[in-house]
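Asks: One structure, pasted below without further comment.
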Amino acid sequence: GHPRLVSQGWRWCVMPVVWEQSRAAGKSAVKCAICVPTSDNSTTIQWAFRLARLISEAGGPVALVAMKGTPIDVARNTLVRMALESNAEWVFFLDADTIPDDGVLARLLSRGLPMVSGVYYAKKYEGCWPAAWVKEGGVYKPLSDENKGLVMADAVGCGCMLVHSSVFRKIPPPWFKWETNTYSPDGKLMEKGCSEDFYMVAKAKEHGIQALVDFDCRCDHIGAFKIDMTGKVRLL
């Protein structure tokens, strides 16, 4: 069916008519919910065109849900709840600054894995490396970009991640949580926090679900930067 735009104040969603018809019949026809968290309404025309292609790659009806203007962990948790309400079989996170190559969603779906991600470079002031890490001696180390195919990871960015809905039904919420550092009264670091994607992957592993990264599913990670008069490039 044709998409229908439903305004919900600080969030919006697009649901195919076929989903509403199947819901009325008491069954789900939604193959995949594409979940888009964003800090505002801005993105690029390249991202919009790629989203259209991703929808065609799903191999079935798609529910498109998005949320803006809230902390990222709140946004992701809300999007998961919306995806589960749609009875989607798969939940695909597509961040508004991530542009997957053609065929990425189709390839990830073909894997049939509980939790699998494409790969893109993290945007860090210290430099750029794949947004996928392994934990060695209590320290997260980025995986090499020379990897091919499927690789296990202890932490993964959620900008291009596919998760089977059964994972979120198995794991109790919150699925995502941003944990800040804790300090002693004299300013000494007592416990290092973690971002919401690190939290999710670690919690899934505690419940017997291993995250994998498909290094053959590549993405661009877009953002703003500046170049100073020394030629140094810095992210904004």
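Residues are named by chain letter and number: chains run A, B, ... in the order of the structure tokens, numbers start at 1 in each chain, and ligands are numbered from 1 in the order shown.
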Write out as a count of residues only each polymer residue whose atoms come within 9 Å of Ser166 in chain A, counting only C-alpha atoms; drop sequence neighbours fewer than 2 positions from it.
Replies: 9
Asks: Could you give me the residues within range 17-187 of chain A that DSSP places in strand (DSSP E), as a PyMOL selection string?
Replies: chain A and resi 32-38+62-68+90-94+98-100+115-119+132-136+139-142+150-152+155-156+160-164+182-183
Asks: Looking at A:Val167, A:Met152, A:Val80, A:Ala131, which one is nearest to Phe93 in chain A, with distances taken over only C-alpha atoms?
Replies: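 Distance minimum relative to Phe93 in chain A lands on A:Val80.
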Asks: Could you name the residues that touch Asp145 in chain A at 12 Å or less, counting only C-alpha atoms, but leaving out those on the same chain fewer than 6 positions away, as a ChimeraX atom specification?
Replies: /A:119-122,128-133,151,213-218
Asks: Emit the selected residues as a tab-separated table (two decimals), in the first residue's frame, including all heavy atoms.
Replies:
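And here's out13.tsv as it stands now:
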chain	number	residue	atom	x	y	z
A	119	VAL	N	28.97	-1.81	8.94
A	119	VAL	CA	30.12	-1.14	9.55
A	119	VAL	C	30.30	0.24	8.94
A	119	VAL	O	30.07	0.46	7.75
A	119	VAL	CB	31.40	-2.00	9.39
A	119	VAL	CG1	31.81	-2.11	7.92
A	119	VAL	CG2	32.55	-1.43	10.22
A	120	TYR	N	30.67	1.17	9.79
A	120	TYR	CA	31.01	2.53	9.37
A	120	TYR	C	32.06	3.06	10.33
A	120	TYR	O	32.28	2.50	11.42
A	120	TYR	CB	29.77	3.44	9.38
A	120	TYR	CG	29.00	3.43	10.68
A	120	TYR	CD1	29.32	4.30	11.72
A	120	TYR	CD2	27.94	2.55	10.88
A	120	TYR	CE1	28.62	4.29	12.91
A	120	TYR	CE2	27.22	2.53	12.06
A	120	TYR	CZ	27.56	3.41	13.08
A	120	TYR	OH	26.87	3.38	14.26
A	121	TYR	N	32.73	4.13	9.93
A	121	TYR	CA	33.75	4.71	10.80
A	121	TYR	C	33.12	5.57	11.88
A	121	TYR	O	32.21	6.37	11.62
A	121	TYR	CB	34.73	5.54	9.97
A	121	TYR	CG	35.84	4.73	9.35
A	121	TYR	CD1	35.66	4.06	8.15
A	121	TYR	CD2	37.08	4.61	9.98
A	121	TYR	CE1	36.67	3.31	7.58
A	121	TYR	CE2	38.10	3.85	9.43
A	121	TYR	CZ	37.89	3.21	8.22
A	121	TYR	OH	38.88	2.46	7.66
A	122	ALA	N	33.61	5.41	13.11
A	122	ALA	CA	33.19	6.28	14.20
A	122	ALA	C	33.76	7.67	13.98
A	122	ALA	O	34.84	7.83	13.40
A	122	ALA	CB	33.68	5.71	15.53
A	128	CYS	N	39.44	8.40	13.39
A	128	CYS	CA	38.32	7.62	12.90
A	128	CYS	C	38.73	6.16	12.77
A	128	CYS	O	39.84	5.85	12.32
A	128	CYS	CB	37.87	8.15	11.53
A	128	CYS	SG	37.30	9.86	11.57
A	129	TRP	N	37.84	5.27	13.15
A	129	TRP	CA	38.06	3.83	13.06
A	129	TRP	C	36.71	3.14	13.00
A	129	TRP	O	35.68	3.76	13.29
A	129	TRP	CB	38.87	3.33	14.26
A	129	TRP	CG	38.35	3.83	15.57
A	129	TRP	CD1	37.26	3.36	16.25
A	129	TRP	CD2	38.87	4.92	16.34
A	129	TRP	NE1	37.07	4.08	17.40
A	129	TRP	CE2	38.05	5.04	17.49
A	129	TRP	CE3	39.96	5.79	16.18
A	129	TRP	CZ2	38.28	6.00	18.45
A	129	TRP	CZ3	40.18	6.74	17.16
A	129	TRP	CH2	39.34	6.84	18.28
A	130	PRO	N	36.66	1.85	12.62
A	130	PRO	CA	35.37	1.16	12.56
A	130	PRO	C	34.63	1.23	13.89
A	130	PRO	O	35.23	1.04	14.96
A	130	PRO	CB	35.76	-0.28	12.21
A	130	PRO	CG	37.04	-0.13	11.46
A	130	PRO	CD	37.77	1.00	12.14
A	131	ALA	N	33.34	1.50	13.84
A	131	ALA	CA	32.51	1.61	15.04
A	131	ALA	C	32.11	0.21	15.53
A	131	ALA	O	30.92	-0.13	15.63
A	131	ALA	CB	31.29	2.47	14.78
A	132	ALA	N	33.11	-0.60	15.79
A	132	ALA	CA	32.92	-1.96	16.30
A	132	ALA	C	34.16	-2.31	17.12
A	132	ALA	O	35.29	-2.10	16.66
A	132	ALA	CB	32.74	-2.95	15.16
A	133	TRP	N	33.94	-2.83	18.32
A	133	TRP	CA	35.04	-3.02	19.25
A	133	TRP	C	34.99	-4.42	19.87
A	133	TRP	O	33.93	-5.03	19.99
A	133	TRP	CB	34.95	-2.00	20.38
A	133	TRP	CG	35.11	-0.58	19.99
A	133	TRP	CD1	36.24	0.20	20.08
A	133	TRP	CD2	34.10	0.31	19.48
A	133	TRP	NE1	36.01	1.48	19.65
A	133	TRP	CE2	34.71	1.58	19.27
A	133	TRP	CE3	32.76	0.14	19.15
A	133	TRP	CZ2	34.00	2.66	18.77
A	133	TRP	CZ3	32.06	1.23	18.64
A	133	TRP	CH2	32.68	2.48	18.45
A	151	VAL	N	32.14	-10.82	11.83
A	151	VAL	CA	33.10	-10.78	12.94
A	151	VAL	C	32.32	-10.50	14.22
A	151	VAL	O	31.44	-9.64	14.26
A	151	VAL	CB	34.16	-9.68	12.72
A	151	VAL	CG1	35.15	-9.66	13.89
A	151	VAL	CG2	34.90	-9.88	11.41
A	213	VAL	N	29.26	-8.19	13.31
A	213	VAL	CA	29.41	-7.11	12.35
A	213	VAL	C	29.74	-7.72	11.00
A	213	VAL	O	30.61	-8.59	10.90
A	213	VAL	CB	30.54	-6.15	12.77
A	213	VAL	CG1	30.67	-5.01	11.77
A	213	VAL	CG2	30.29	-5.61	14.16
A	214	ASP	N	29.02	-7.30	9.97
A	214	ASP	CA	29.30	-7.77	8.62
A	214	ASP	C	30.14	-6.70	7.92
A	214	ASP	O	29.65	-5.65	7.54
A	214	ASP	CB	27.99	-7.99	7.85
A	214	ASP	CG	28.22	-8.72	6.54
A	214	ASP	OD1	29.34	-8.63	6.01
A	214	ASP	OD2	27.28	-9.36	6.04
A	215	PHE	N	31.44	-6.99	7.81
A	215	PHE	CA	32.36	-6.01	7.23
A	215	PHE	C	32.19	-5.87	5.72
A	215	PHE	O	32.85	-5.03	5.10
A	215	PHE	CB	33.80	-6.37	7.59
A	215	PHE	CG	34.25	-5.80	8.91
A	215	PHE	CD1	33.91	-6.42	10.09
A	215	PHE	CD2	34.99	-4.64	8.96
A	215	PHE	CE1	34.30	-5.90	11.31
A	215	PHE	CE2	35.39	-4.09	10.17
A	215	PHE	CZ	35.05	-4.72	11.35
A	216	ASP	N	31.32	-6.68	5.14
A	216	ASP	CA	30.99	-6.52	3.73
A	216	ASP	C	29.80	-5.58	3.53
A	216	ASP	O	29.42	-5.30	2.39
A	216	ASP	CB	30.70	-7.88	3.08
A	216	ASP	CG	31.93	-8.78	3.09
A	216	ASP	OD1	33.04	-8.24	3.00
A	216	ASP	OD2	31.75	-10.01	3.19
A	217	CYS	N	29.22	-5.13	4.64
A	217	CYS	CA	28.10	-4.18	4.60
A	217	CYS	C	28.61	-2.82	5.06
A	217	CYS	O	28.63	-2.51	6.26
A	217	CYS	CB	26.95	-4.65	5.49
A	217	CYS	SG	26.12	-6.13	4.88
A	218	ARG	N	29.06	-2.02	4.12
A	218	ARG	CA	29.73	-0.76	4.41
A	218	ARG	C	28.77	0.42	4.36
A	218	ARG	O	27.80	0.42	3.60
A	218	ARG	CB	30.88	-0.54	3.44
A	218	ARG	CG	31.89	-1.68	3.44
A	218	ARG	CD	33.12	-1.29	4.21
A	218	ARG	NE	34.01	-2.43	4.44
A	218	ARG	CZ	35.20	-2.30	4.99
A	218	ARG	NH1	35.64	-1.11	5.35
A	218	ARG	NH2	35.96	-3.36	5.22
Asks: So, counting only C-alpha atoms, which residue among A:Met115, A:Gly187, A:Arg234, A:Gly137 is closest to Ala153 in chain A?
Replies: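 Residue with the minimum atom-to-atom distance to Ala153 in chain A: A:Met115.
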Asks: Please identify all polymer residues within 12 Å of Ala155 in chain A, counting only C-alpha atoms, omitting same-chain residues fewer than 6 positions from it, and present them as number ranges by chain.
Replies: A: 115-117, 119, 130-136, 139-143, 161, 194-205, 210-213
Asks: Filtering to N, CA and C atoms, could you give me those residues as an mmCIF file, in the first residue's frame?
Replies:
data_model
loop_
_atom_site.group_PDB
_atom_site.id
_atom_site.type_symbol
_atom_site.label_atom_id
_atom_site.label_comp_id
_atom_site.auth_asym_id
_atom_site.auth_seq_id
_atom_site.Cartn_x
_atom_site.Cartn_y
_atom_site.Cartn_z
ATOM 1 N N MET A 115 21.272 -10.496 15.848
ATOM 2 C CA MET A 115 21.773 -9.130 15.940
ATOM 3 C C MET A 115 22.999 -8.988 15.052
ATOM 4 N N VAL A 116 22.878 -8.208 13.991
ATOM 5 C CA VAL A 116 23.989 -8.044 13.057
ATOM 6 C C VAL A 116 24.007 -6.603 12.560
ATOM 7 N N SER A 117 25.206 -6.078 12.389
ATOM 8 C CA SER A 117 25.357 -4.673 12.022
ATOM 9 C C SER A 117 26.215 -4.530 10.785
ATOM 10 N N VAL A 119 28.969 -1.812 8.939
ATOM 11 C CA VAL A 119 30.121 -1.144 9.545
ATOM 12 C C VAL A 119 30.302 0.241 8.941
ATOM 13 N N PRO A 130 36.664 1.852 12.623
ATOM 14 C CA PRO A 130 35.372 1.164 12.561
ATOM 15 C C PRO A 130 34.629 1.234 13.894
ATOM 16 N N ALA A 131 33.336 1.500 13.835
ATOM 17 C CA ALA A 131 32.510 1.606 15.044
ATOM 18 C C ALA A 131 32.108 0.215 15.526
ATOM 19 N N ALA A 132 33.113 -0.600 15.794
ATOM 20 C CA ALA A 132 32.921 -1.962 16.299
ATOM 21 C C ALA A 132 34.159 -2.308 17.122
ATOM 22 N N TRP A 133 33.937 -2.825 18.321
ATOM 23 C CA TRP A 133 35.038 -3.017 19.248
ATOM 24 C C TRP A 133 34.994 -4.417 19.873
ATOM 25 N N VAL A 134 36.158 -4.876 20.288
ATOM 26 C CA VAL A 134 36.275 -6.063 21.133
ATOM 27 C C VAL A 134 36.872 -5.611 22.464
ATOM 28 N N LYS A 135 36.502 -6.324 23.525
ATOM 29 C CA LYS A 135 36.977 -5.956 24.854
ATOM 30 C C LYS A 135 38.130 -6.866 25.241
ATOM 31 N N GLU A 136 39.285 -6.258 25.457
ATOM 32 C CA GLU A 136 40.484 -7.000 25.825
ATOM 33 C C GLU A 136 41.085 -6.385 27.077
ATOM 34 N N VAL A 139 39.482 -3.243 28.279
ATOM 35 C CA VAL A 139 39.575 -2.076 27.404
ATOM 36 C C VAL A 139 38.953 -2.402 26.047
ATOM 37 N N TYR A 140 38.142 -1.484 25.526
ATOM 38 C CA TYR A 140 37.533 -1.668 24.207
ATOM 39 C C TYR A 140 38.520 -1.235 23.125
ATOM 40 N N LYS A 141 38.784 -2.138 22.198
ATOM 41 C CA LYS A 141 39.690 -1.850 21.099
ATOM 42 C C LYS A 141 38.940 -2.003 19.777
ATOM 43 N N PRO A 142 39.075 -1.027 18.874
ATOM 44 C CA PRO A 142 38.341 -1.104 17.607
ATOM 45 C C PRO A 142 38.828 -2.258 16.743
ATOM 46 N N LEU A 143 37.898 -2.880 16.044
ATOM 47 C CA LEU A 143 38.242 -3.939 15.108
ATOM 48 C C LEU A 143 38.933 -3.341 13.883
ATOM 49 N N MET A 161 22.083 -1.177 12.253
ATOM 50 C CA MET A 161 21.994 -2.452 12.963
ATOM 51 C C MET A 161 20.625 -3.103 12.766
ATOM 52 N N CYS A 194 29.077 4.342 29.794
ATOM 53 C CA CYS A 194 29.093 3.819 28.423
ATOM 54 C C CYS A 194 27.916 4.395 27.652
ATOM 55 N N SER A 195 28.050 4.420 26.345
ATOM 56 C CA SER A 195 26.980 4.926 25.495
ATOM 57 C C SER A 195 25.876 3.883 25.368
ATOM 58 N N GLU A 196 24.748 4.311 24.820
ATOM 59 C CA GLU A 196 23.570 3.437 24.778
ATOM 60 C C GLU A 196 23.758 2.215 23.902
ATOM 61 N N ASP A 197 24.589 2.313 22.857
ATOM 62 C CA ASP A 197 24.803 1.158 21.988
ATOM 63 C C ASP A 197 25.710 0.123 22.658
ATOM 64 N N PHE A 198 26.748 0.590 23.377
ATOM 65 C CA PHE A 198 27.589 -0.328 24.157
ATOM 66 C C PHE A 198 26.727 -1.064 25.183
ATOM 67 N N TYR A 199 25.840 -0.326 25.843
ATOM 68 C CA TYR A 199 24.966 -0.907 26.857
ATOM 69 C C TYR A 199 24.090 -2.002 26.262
ATOM 70 N N MET A 200 23.500 -1.731 25.101
ATOM 71 C CA MET A 200 22.602 -2.687 24.470
ATOM 72 C C MET A 200 23.324 -3.976 24.104
ATOM 73 N N VAL A 201 24.484 -3.861 23.478
ATOM 74 C CA VAL A 201 25.216 -5.050 23.042
ATOM 75 C C VAL A 201 25.661 -5.884 24.247
ATOM 76 N N ALA A 202 26.113 -5.205 25.305
ATOM 77 C CA ALA A 202 26.540 -5.927 26.511
ATOM 78 C C ALA A 202 25.358 -6.625 27.179
ATOM 79 N N LYS A 203 24.207 -5.958 27.227
ATOM 80 C CA LYS A 203 23.020 -6.559 27.843
ATOM 81 C C LYS A 203 22.542 -7.754 27.032
ATOM 82 N N ALA A 204 22.604 -7.643 25.715
ATOM 83 C CA ALA A 204 22.212 -8.768 24.867
ATOM 84 C C ALA A 204 23.123 -9.964 25.108
ATOM 85 N N LYS A 205 24.418 -9.702 25.251
ATOM 86 C CA LYS A 205 25.370 -10.786 25.489
ATOM 87 C C LYS A 205 25.092 -11.486 26.812
ATOM 88 N N GLN A 210 24.802 -12.835 20.829
ATOM 89 C CA GLN A 210 26.072 -12.273 20.389
ATOM 90 C C GLN A 210 25.875 -11.326 19.210
ATOM 91 N N ALA A 211 26.427 -10.123 19.330
ATOM 92 C CA ALA A 211 26.390 -9.164 18.215
ATOM 93 C C ALA A 211 27.486 -9.504 17.213
ATOM 94 N N LEU A 212 27.142 -9.416 15.944
ATOM 95 C CA LEU A 212 28.118 -9.615 14.880
ATOM 96 C C LEU A 212 28.116 -8.410 13.954
ATOM 97 N N VAL A 213 29.256 -8.190 13.313
ATOM 98 C CA VAL A 213 29.406 -7.111 12.348
ATOM 99 C C VAL A 213 29.736 -7.725 11.002
#
